[in-house]
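Note sheet for the following structure.
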Amino acid sequence: MRRSEITDRPKVRAYDQPTGGWGSMKSLLEKSFAENVSKTALWGVLSKQNKTGGVMCVSCSWAKPAGKDAHLYEFCENGAKATIWEMTEARTGRDFFARHRVSELLDWTDYDLEKSGRLTSPMRYDASLDQYVPVTWESAFAEIGKELKALDPKSVIFYASGRASLETSFMYQLLARIYGNQNLPDSSNMCHESTSVGLKASIGSPVGTVTLEDFDHTDMMFFFGHNTGTNAPRLLHQLQEVRKRGAPVVTFNPIEERGLMRFKSPQNPAEMLSPGPGTKMSSDYLQLKCGGDIAAMTGIAKTVLALDDEAKASGGPRVLDVDFIEAHCDGFAEFEAFVRGSEWAEIEHYSGLSREDLEDVGRTYSRANAVIAHYGMGLTQHRHGVKNVQMLVNLMLMRGNVGKKGAGLSPIRGHSNVQGQRTVGITEKTELVPVEKFEQFYGFQAPREKGLATVEACEGVLDGSVKAFIGLGGNFVRAIPETELMEGAWGGLRLHVEIATKLNRSHLVPGEVTYLLPCLGRTELDHQATGDQWVSIEDSTATIHGSFGFRPPASPELLSEPKIVAEIAKATIAGKSTIPWDEWVGDYSRVRDEIERCYPEHFKDFNARFRQPGGFHRDIKACYREWETESGKANFVLPDGFDANPDVDMSGENVFRLMTLRSNDQFNTTVYGYDDRLRGVWGSRMVLLMNGEDMQRLGLRDQDLVDVRTHVDDGVERRVEALRVHSFKLPKGDVGGYFPELNKLIPLWHHAEESLCPAAKCVPVEVTRSAVQHVEAPVRAA
C-alpha cells in the first residue's frame, strides 16, 4: 500500500495566471508522463483531434471549426486529458480483478479506479467471491437476454452517457422501444434538460440557435453560469477574437472563473512568450448570488424598458425591437407588466447586485445590435432551471436577438454527443420521436407511455419498481443526487449491465446479476465486416461531424458499442422487428441511412455530408425565425418569482446556498488529478470554498475542518464530514464544493420543477465546525 496524492492539508493559494498558457501545457505534459503515453503517439492523435478526417474529442461538445478555420492543434487542456486517459498503457484486466475484491475497490477514489487502466475483457460479478470473473461474450449476451426476457419491460432502465455516437444511440433507443419501454434517461437529464424543456416552449427548438459563424458578427456576449475555462476551453479561442475587436462580454457567475477573466492562447507563440497577463475575457464580471439569475435579468429588462420609454418620449429610435415583437412574439404585454411591477429593492436583494451595475449592463445591451447569450448548468441545475432559461430567452427577444446573424441562444452542453443522442431518439418523451415511422419501417408496436427520466429512474430504484439497469457508458450511480441512499438500494436490482472503457464506482455496486462489458474508445480503430468504420456526433451548435478512430484497440477482446447493442438486441428481442442488426453492425453507413430516413429534415444526404469540413448544420427552424411552438410564435414566459428555494427556510447564521463545482482536473465524474489549478486548490478535492466574512462570523479559519449537512427536514440525514474550509471570493451566503463528492447532499426531490433536472445549485446546507480537526490522508492500493 502507498499513500495517495491526496493530502491532509491541501495547499490553497490565489492563482493569478491566465487560462491556457504555460500552466495548461505543463499540466498536459505531467498527465501524459503519468499515463506512460508516448509523446509521438499522443501528438499524432491530438494533431487529428476535432479535425476533418480525424477523431472527434470524447470530452466536451463545443463546436468544431471547418478546415480553413481550424487551429494547428484543435484541442483544449481537458480534451487532451481525456485523450491521454483513453490512451493510457495501464490495463484493468483479468489479473486485476483476480487480485481485488469489489468491496475493497469501493474504498478506492474515483481517480484511482479509472487510473487502473482500460478494461480488457467481459466480466461477470461472482457474489461468492466478491469479485469480477471473466466470461465469454457469447455467454454474457445469452444470460443478459435471458434475464431481460424474464422481466417486465417497464421495470428496465436503458441509460446512455454523452459519449456514444449517433449510430450507437439510434440503435440503442430502438432496442429499448422494441423491448417495450421508453425508459431512456441520459446525461442530458442531469445537466441540460431545463434547456430542452425551456427552449422548446419558448422558441420551438430544444437546442440553441448559434453557430460558429455568428461569432464573426456579434457585437456583445452574455455568459450566465458557465465555467468555460474548464468545461469548454476551445470556446475561449473564438471568445478571444470577439474581445480583441472590442465587443463587450458580460459575465454573471457567483464564483470567479479564470477562463472568463484572462486567457493566453497556446496556439499563439507570440502570446505564449509575452510576459503580459493575456486577454481580458470579460469586460464586466458580476458575482451575483447563487440563484439570483432571474432577478438580475429582470433588472436588465427593467433598464431596457426605461430606456425605451426615454426613446419614445424624445422621439428617438426605439430600444425594444417592436417590429420583431409584433411579428414574431406572444406574451409580451404580460411580461412587460411583470418587469415594470418588479421593485428594485427586491431585485437587488435576490440578485445580490446593485441597481447601478444592472442598469449599466442594461445600457450596454441596449446599444448592441447582435448579442449572443451563452449559459451552462449555473442556469439549468436549479429548481427554477426552466424559468431561468426562459427568462434569458425573454431578455433576448426584447431586442430581437434570436434568429439573426451574430445573435442567438447558446446553451453550452457538456459531454461530447449528449445533444446528438436526444436528436436520434434517446428520450423518454414520445412526442420527441417519430414513433409512427419506427413502426412502419421496422415492423413493431412502439410504446406511447412516457418513460422514466433520471430522477424517476432513481425513484424507481428506491421504491423497488425498477429491476434492471443497462448503462451505455457513464458513471450513473456517482453522477446522480442522493448517492448514499441510491447505493444502498442498488443491490435490489435483478440485472445490472455496464458498457464501459474504464472502471468506475457504478461498476462496484452490483445487482443480483451484474456484467461489465468493455468497449472500444473513440480514438481506436473500429473494423467491421465491410471495413474500417466512421461514426458521427453532434456538437453544441447542432452541427454533425464524422469521427474516425485509427489507434490499435486496447485489447483484442474489445467490441464496438454498436456491436454490443446489436448482440444484446439479438439475444433479447430476436424476431420482434425487421431490423437486420448484423448488417447494420457490418456497415455503419446503413445505420446513417436509417437515421436519414427517420429524420429527413435534419439528416438529408447524411452519408454524403457528415465527413465534409466543418460538418453540416441541422435544420433548426428558430435560426431563421420559424417558431415550432403551440402559438406559432416565440413566447415570453413569466417567471414564478425570484426565490430559488421558496419553500425552504434559509434563516440561521450557519445556513448557506451550496453549488457543486467541477475542477479543471476533471470532466464530469472523471477525475484526472487532485489539483484545481485555476482556483488555486492543490492536493485535495475535499474542500469547501466560502466567503471570508461568513467564515469570520462562524469563527472559522482557513484549513479548519467543517461538516456540511443538508438543511431540510424530510426524514433523511445527508452529511459530508471533514471538508477543509477555505476563504474564497464568493457572495455572502454562498459556498462551493466539488461534484461528485458532495452529491450525497442533494435530495432527489431538489430538481427543476418542469424538467426534473437535478438541482445541484442552490442546495440549502448547514456548515458547522467539525469536532475533530485532524484526518488521516486517504490510502490507495498499490
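To be explicit about the labels: the chains of the C-alpha cells are called A, B, and onward in the order shown, and within each one the residues are counted from 1, while ligands get numbers from 1 in the order they are shown.
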
Could I get the residues of segment 518-584 of chain A with an atom no further than 8 Å from an atom of segment 41-62 of chain A, each paired with its nearest atom pair and that distance in Å to one decimal, using only C-alpha atoms, sorted by chain and residue number, as JSON lines?
{"residue": "A:Arg522", "atom": "CA", "partner": "A:Val58", "partner_atom": "CA", "distance": 6.8}
{"residue": "A:Thr523", "atom": "CA", "partner": "A:Val55", "partner_atom": "CA", "distance": 6.2}
{"residue": "A:Ile537", "atom": "CA", "partner": "A:Met56", "partner_atom": "CA", "distance": 7.8}
{"residue": "A:Glu538", "atom": "CA", "partner": "A:Ser61", "partner_atom": "CA", "distance": 7.6}
{"residue": "A:Asp539", "atom": "CA", "partner": "A:Ser61", "partner_atom": "CA", "distance": 4.8}
{"residue": "A:Ser540", "atom": "CA", "partner": "A:Trp62", "partner_atom": "CA", "distance": 5.4}
{"residue": "A:Thr541", "atom": "CA", "partner": "A:Trp62", "partner_atom": "CA", "distance": 7.5}
{"residue": "A:His545", "atom": "CA", "partner": "A:Met56", "partner_atom": "CA", "distance": 7.7}
{"residue": "A:Gly546", "atom": "CA", "partner": "A:Gly53", "partner_atom": "CA", "distance": 7.2}
{"residue": "A:Ser547", "atom": "CA", "partner": "A:Val55", "partner_atom": "CA", "distance": 4.5}
{"residue": "A:Phe548", "atom": "CA", "partner": "A:Val55", "partner_atom": "CA", "distance": 4.9}
{"residue": "A:Gly549", "atom": "CA", "partner": "A:Val55", "partner_atom": "CA", "distance": 5.8}

Worksheet item: Which one is closest to Leu174 of chain A: A:Lys576, A:Lys81, A:Lys405, A:His384? Count only C-alpha atoms.
Response: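 Smallest separation from Leu174 of chain A among the options: A:Lys576.
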
Fill in: Residue neighbourhood Leu305 of chain A, 12 Å, only C-alpha atoms, exclusion window fewer than 4 positions, as a ChimeraX atom specification
/A:298-301,309-312,318-322,332-333,335-341,359,362-363,365-366,395,398-399

If you run DSSP over the backbone, which residues in segment 382-578 of chain A end up strand (DSSP E)? Put them as a tab-separated table (two decimals) with C-alpha atoms, in the first residue's frame.
chain	number	residue	atom	x	y	z
A	408	GLY	CA	-28.84	33.93	-30.53
A	409	LEU	CA	-29.06	31.50	-27.67
A	410	SER	CA	-26.07	29.30	-26.90
A	411	PRO	CA	-26.60	26.58	-24.29
A	468	ALA	CA	-32.72	-3.72	-14.16
A	469	PHE	CA	-30.28	-1.07	-15.36
A	470	ILE	CA	-28.34	-1.12	-18.64
A	471	GLY	CA	-25.66	1.58	-18.77
A	472	LEU	CA	-24.25	2.69	-22.12
A	495	LEU	CA	-29.82	-7.15	-13.51
A	496	HIS	CA	-27.05	-4.56	-13.81
A	497	VAL	CA	-25.09	-4.22	-17.08
A	498	GLU	CA	-22.39	-1.62	-17.80
A	499	ILE	CA	-20.78	-0.92	-21.19
A	500	ALA	CA	-17.57	0.95	-20.45
A	513	VAL	CA	-26.71	-10.45	-11.91
A	514	THR	CA	-24.02	-7.98	-12.99
A	515	TYR	CA	-21.94	-7.72	-16.16
A	516	LEU	CA	-19.11	-5.39	-17.13
A	517	LEU	CA	-18.75	-5.19	-20.93
A	518	PRO	CA	-15.63	-3.40	-22.28
A	527	HIS	CA	-13.11	-2.62	-38.01
A	528	GLN	CA	-16.28	-4.46	-39.06
A	531	GLY	CA	-14.04	-2.47	-43.39
A	532	ASP	CA	-12.99	0.34	-41.07
A	535	VAL	CA	-19.14	7.30	-36.52
A	536	SER	CA	-20.82	10.69	-36.11
A	537	ILE	CA	-21.54	13.15	-33.33
A	538	GLU	CA	-23.48	16.41	-32.92
A	543	THR	CA	-23.60	20.61	-36.29
A	544	ILE	CA	-22.93	16.98	-37.26
A	545	HIS	CA	-19.34	15.74	-37.64
A	546	GLY	CA	-17.71	12.49	-38.70
A	547	SER	CA	-15.17	10.80	-36.42

Worksheet item: Between A:Gly641, A:Phe324, A:Val102, A:Arg592, which one has atoms that come closest to Phe610 of chain A, using only C-alpha atoms?
Response: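 For Phe610 of chain A, the nearest of the candidates is A:Arg592.
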
Item to complete: Enumerate, as a count of residues only, the complete set of residues in segment 560-764 of chain A that a backbone-based DSSP assignment places in helix (DSSP H, G or I).
Response: 50

Fill in: Pick from A:Gly652, A:Leu661, A:Val371, A:Glu193 nearest to His226 of chain A, counting only C-alpha atoms
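Looking only at the distances to His226 of chain A, the closest residue turns out to be A:Leu661.
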
Discussion item. Measuring between only C-alpha atoms, which one of A:Thr279, A:Asn181, A:Asn36, A:Ser165 shows the shortest distance to Asp152 of chain A?
Written reply: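 Result for the nearest residue to Asp152 of chain A: A:Asn181.
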
Practice prompt. Find the residues around segment 424-440 of chain A up to 9 Å (only C-alpha atoms counted), leave out those fewer than 5 positions away in its own chain, and share them as an NGL selection string.
Written response: :A and (159-160 or 166-167 or 169-170 or 172-174 or 181-186 or 445-453 or 577 or 595 or 597-599)

Print the selection's residues with C-alpha atoms to a file, as a short mmCIF file (atom, residue, chain, number, x, y, z; two decimals), in the first residue's frame.
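Output file again_17.cif follows:
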data_model
loop_
_atom_site.label_atom_id
_atom_site.label_comp_id
_atom_site.auth_asym_id
_atom_site.auth_seq_id
_atom_site.Cartn_x
_atom_site.Cartn_y
_atom_site.Cartn_z
CA TYR A 159 -29.27 4.75 -19.65
CA ALA A 160 -26.91 6.50 -22.10
CA LEU A 166 -25.28 8.88 -33.22
CA GLU A 167 -25.19 5.41 -34.78
CA SER A 169 -27.62 5.92 -29.86
CA PHE A 170 -30.09 5.31 -32.68
CA TYR A 172 -29.90 1.70 -28.54
CA GLN A 173 -33.18 3.61 -28.44
CA LEU A 174 -34.68 1.18 -30.95
CA ASN A 181 -40.31 0.89 -22.92
CA GLN A 182 -39.05 4.45 -23.29
CA ASN A 183 -37.01 4.42 -20.08
CA LEU A 184 -34.15 6.24 -21.80
CA PRO A 185 -32.63 8.70 -19.33
CA ASP A 186 -29.29 10.18 -20.31
CA GLN A 445 -45.51 -1.64 -31.99
CA ALA A 446 -43.75 1.28 -30.28
CA PRO A 447 -44.71 2.22 -26.70
CA ARG A 448 -46.56 5.51 -26.22
CA GLU A 449 -46.37 5.67 -22.44
CA LYS A 450 -43.84 8.26 -21.22
CA GLY A 451 -40.66 6.62 -19.96
CA LEU A 452 -38.57 7.35 -16.89
CA ALA A 453 -36.14 10.26 -16.77
CA SER A 577 -38.67 -6.33 -35.63
CA ILE A 595 -31.32 7.91 -39.36
CA ARG A 597 -34.98 8.01 -43.36
CA CYS A 598 -36.45 8.63 -39.88
CA TYR A 599 -35.27 12.25 -39.55
#

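Among A:Asn189, A:Lys502, A:Tyr125, A:Leu678, the residue with the shortest atom-to-atom distance to Thr92 of chain A, counting only C-alpha atoms, is A:Lys502.
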
Fill in: Residue among A:Asn475, A:Ser27, A:Ser684, A:Gln696 lying closest to Val509 of chain A, counting only C-alpha atoms
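Among the listed residues, the smallest separation from Val509 of chain A belongs to A:Asn475.
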